[in-house]
Amino acid sequence: MSAIVLDGTQIAAQIKSEVGEEVKELTAAGLRPGLAVVLVGHNPASEIYVRNKVKSCEQLGIYSEKHTPPDNVTTEELLALVADLNRRDEIDGILVQLPLPPQVDAKKVLLAVSPEKDVDGFHPMNVGYLSTQRPGLVPCTPAGIVEILKRSGIAIAGAEAVVVGRSDIVGKPVAMLLLNGNATVTVCHSKTRDLAAVCRRADILIAAIGKAGMITPDFVKPGATVIDVGMNTVTDPAEFKQFFAGNEKRERDFAAKGSTLMGDVHPKVLQVAGAITPVPGGVGPLTIAMLMSNTVKAAKLRRGNAVGVLAGR
Ligand code: GUN
């Protein structure tokens with residue numbers, strides 16, 4: 001048996017096309033949505049993420065601007081930048097790319113982003129809205145995971161969902177979304193006893209740990225849906241071989257770049273799971289699609305209602 005591979009690129013394209021239509025309507029009404037991205041320093045992974053975010057804005061007709069303060073920026077300087085973006089009416093979404101350098105008080109900066117422009121959904125106000133089932137802005141990767149499940153016809157209500165990883169960005173908010181969708185949710189972490197046994201209970205298993213190939217077939221109930229949130233760069237040839245020996249496409253990739261991107265789920269899980277998201281091409285594209293969706297949602301919530309163009313939505 002081999003799992004159905006859930007095509008995140010295709011689902012993301014569908015969402016982006018829907019969002020693009022909304023952008024057209026808003027723009028025609030004089031309310032072109034705008035996103036400001038703040039990228040501090042030169043973290044290579046962050047630079048790639050931000051480039052893709054800005055590119056998606058361009059594709060969909062969303063106004064975007066990128067702010068790139070240097071590595072040695074102070075908390076106060078970032079707070080001043082955020083305050084300015086909060087004030088500007090044409091900016092609907094503000095995204096401060098993480099991680100921030102160690103001298104910056106990241107929690108203070110995220111708290112300064114106006115909750116109504118907080119397209120990452122990281123502000124405590126939005127975290128509270130999510131946990132109390134009020135409308136608000138929901139973190140992009142967790143929202144994308146739920147879109148994959150819904151659009152692939154995988155039932156959340158009544159399912160046993162196990163989330164491995166308890167980060168503020170993925171683990172906790174995805175657990176909350178699944179709970180709000182009436183799943184029975186277990187959240188696991190590094191101190192969980194007999195992790196494999198807990199994971200084997202899952203109808204829906206979410207792997208958000210950050211350790212290449214950690215979820216092996218013995219963690220997975222036959223037929224389960226496995227969502228792989230991991231983004232791990234494998235550079236060690238021995239490690240590469242352990243996961244991908246005999247996989248020609250991966251071998252070409254590794255030979256060309258000296259590295260390959262893989263998730264937290266071992267390739268052999270494909271033979272046990274019922275459905276699985278690949279890496280790359282699974283959850284990743286959804287994160288960006290949901291950022292676009294959140295930017296439009298923020299524009300509508302803050303500006304659309306004021307002029308009545310979106311009455312009835
Ligand atoms: N760094 C890694 N993931 C994310 C994300 O979803 N949002 C932001 N702002 N930074 C990140």
# chains A, B, ... in the order shown; residues from 1 in each chain; ligands from 1

$ residues_near_ligand --ligand "ligand 1" --cutoff "8 Å" --atoms "only C-alpha atoms and all ligand atoms" --output "PyMOL selection string"
chain A and resi 46+95-99+120+139-141+169+287

$ residues_around --residues "Leu270 of chain A" --least-positions-apart "3" --cutoff "7 Å" --atoms "only C-alpha atoms" --output "JSON, numbers by chain"
{"A": [2, 3, 267, 273]}

$ residues_around --residues "segment 242-244 of chain A" --least-positions-apart "2" --cutoff "10 Å" --atoms "only C-alpha atoms" --output "PyMOL selection string"
chain A and resi 212-213+234+237-240+246-251+254+260+262+266-268

$ atom_distance --atom1 "atom CA of Thr186 of chain A" --atom2 "atom CA of Val162 of chain A"
4.8 Å

$ closest_residue --among "A:Leu39, A:Cys199, A:Leu31, A:Ala13" --to "Pro222 of chain A" --atoms "only C-alpha atoms"
A:Cys199

$ select_by_dssp --residues "segment 47-107 of chain A" --states "strand (DSSP E or B)" --output "count of residues only"
9

$ closest_residue --among "A:Leu78, A:Ile227, A:Val37, A:Ile62" --to "Asp7 of chain A" --atoms "only C-alpha atoms"
A:Ile227

$ select_by_dssp --residues "segment 49-255 of chain A" --states "alpha helix (DSSP H)" --output "PyMOL selection string"
chain A and resi 49-60+75-87+106-112+124-131+140-151+171-180+195-199+237-244+248-255

$ closest_residue --among "A:Thr75, A:Gln271, A:Thr9, A:Gln133" --to "Ala106 of chain A" --atoms "only C-alpha atoms"
A:Thr75

$ closest_residue --among "A:Gly274, A:Pro285, A:Gly230, A:Pro70" --to "Lys53 of chain A" --atoms "only C-alpha atoms"
A:Pro285

$ closest_residue --among "A:Glu65, A:Asp105, A:Asp236, A:Glu21" --to "Ile91 of chain A" --atoms "only C-alpha atoms"
A:Glu65

$ closest_residue --among "A:Thr216, A:Asn86, A:Thr74, A:Ser152" --to "Val104 of chain A" --atoms "only C-alpha atoms"
A:Thr74

$ atom_distance --atom1 "atom CA of Leu111 of chain A" --atom2 "atom CA of His67 of chain A"
18.4 Å

$ residues_around --residues "Gln103 of chain A" --least-positions-apart "5" --cutoff "12 Å" --atoms "only C-alpha atoms" --output "PyMOL selection string"
chain A and resi 40+71-78+108-109

$ write_last_selection --atoms "N, CA and C atoms" --output "mmCIF file, in the first residue's frame"
data_model
loop_
_atom_site.group_PDB
_atom_site.id
_atom_site.type_symbol
_atom_site.label_atom_id
_atom_site.label_comp_id
_atom_site.auth_asym_id
_atom_site.auth_seq_id
_atom_site.Cartn_x
_atom_site.Cartn_y
_atom_site.Cartn_z
ATOM 1 N N VAL A 40 14.943 41.272 9.304
ATOM 2 C CA VAL A 40 16.142 41.788 9.968
ATOM 3 C C VAL A 40 17.347 40.932 9.599
ATOM 4 N N ASP A 71 21.419 43.639 11.062
ATOM 5 C CA ASP A 71 21.538 42.644 12.142
ATOM 6 C C ASP A 71 21.622 43.255 13.538
ATOM 7 N N ASN A 72 22.245 44.458 13.631
ATOM 8 C CA ASN A 72 22.463 45.063 14.951
ATOM 9 C C ASN A 72 21.348 46.043 15.340
ATOM 10 N N VAL A 73 20.192 45.920 14.715
ATOM 11 C CA VAL A 73 19.060 46.801 15.045
ATOM 12 C C VAL A 73 18.672 46.638 16.523
ATOM 13 N N THR A 74 18.162 47.714 17.109
ATOM 14 C CA THR A 74 17.746 47.630 18.519
ATOM 15 C C THR A 74 16.232 47.379 18.595
ATOM 16 N N THR A 75 15.794 46.951 19.753
ATOM 17 C CA THR A 75 14.354 46.758 19.993
ATOM 18 C C THR A 75 13.616 48.068 19.738
ATOM 19 N N GLU A 76 14.198 49.176 20.222
ATOM 20 C CA GLU A 76 13.533 50.487 20.095
ATOM 21 C C GLU A 76 13.368 50.875 18.628
ATOM 22 N N GLU A 77 14.397 50.616 17.824
ATOM 23 C CA GLU A 77 14.303 50.940 16.392
ATOM 24 C C GLU A 77 13.201 50.120 15.715
ATOM 25 N N LEU A 78 13.105 48.848 16.070
ATOM 26 C CA LEU A 78 12.047 48.013 15.484
ATOM 27 C C LEU A 78 10.670 48.469 15.952
ATOM 28 N N LYS A 108 8.303 41.659 22.754
ATOM 29 C CA LYS A 108 7.901 43.068 22.819
ATOM 30 C C LYS A 108 7.533 43.583 21.422
ATOM 31 N N VAL A 109 8.323 43.173 20.432
ATOM 32 C CA VAL A 109 8.071 43.621 19.056
ATOM 33 C C VAL A 109 6.745 43.048 18.554
#

$ atom_distance --atom1 "atom CA of Arg134 of chain A" --atom2 "atom CA of Asn180 of chain A"
10.7 Å

$ residues_around --residues "Ala298 of chain A" --least-positions-apart "6" --cutoff "7 Å" --atoms "only C-alpha atoms" --output "number ranges by chain"
A: 92-93, 116-117
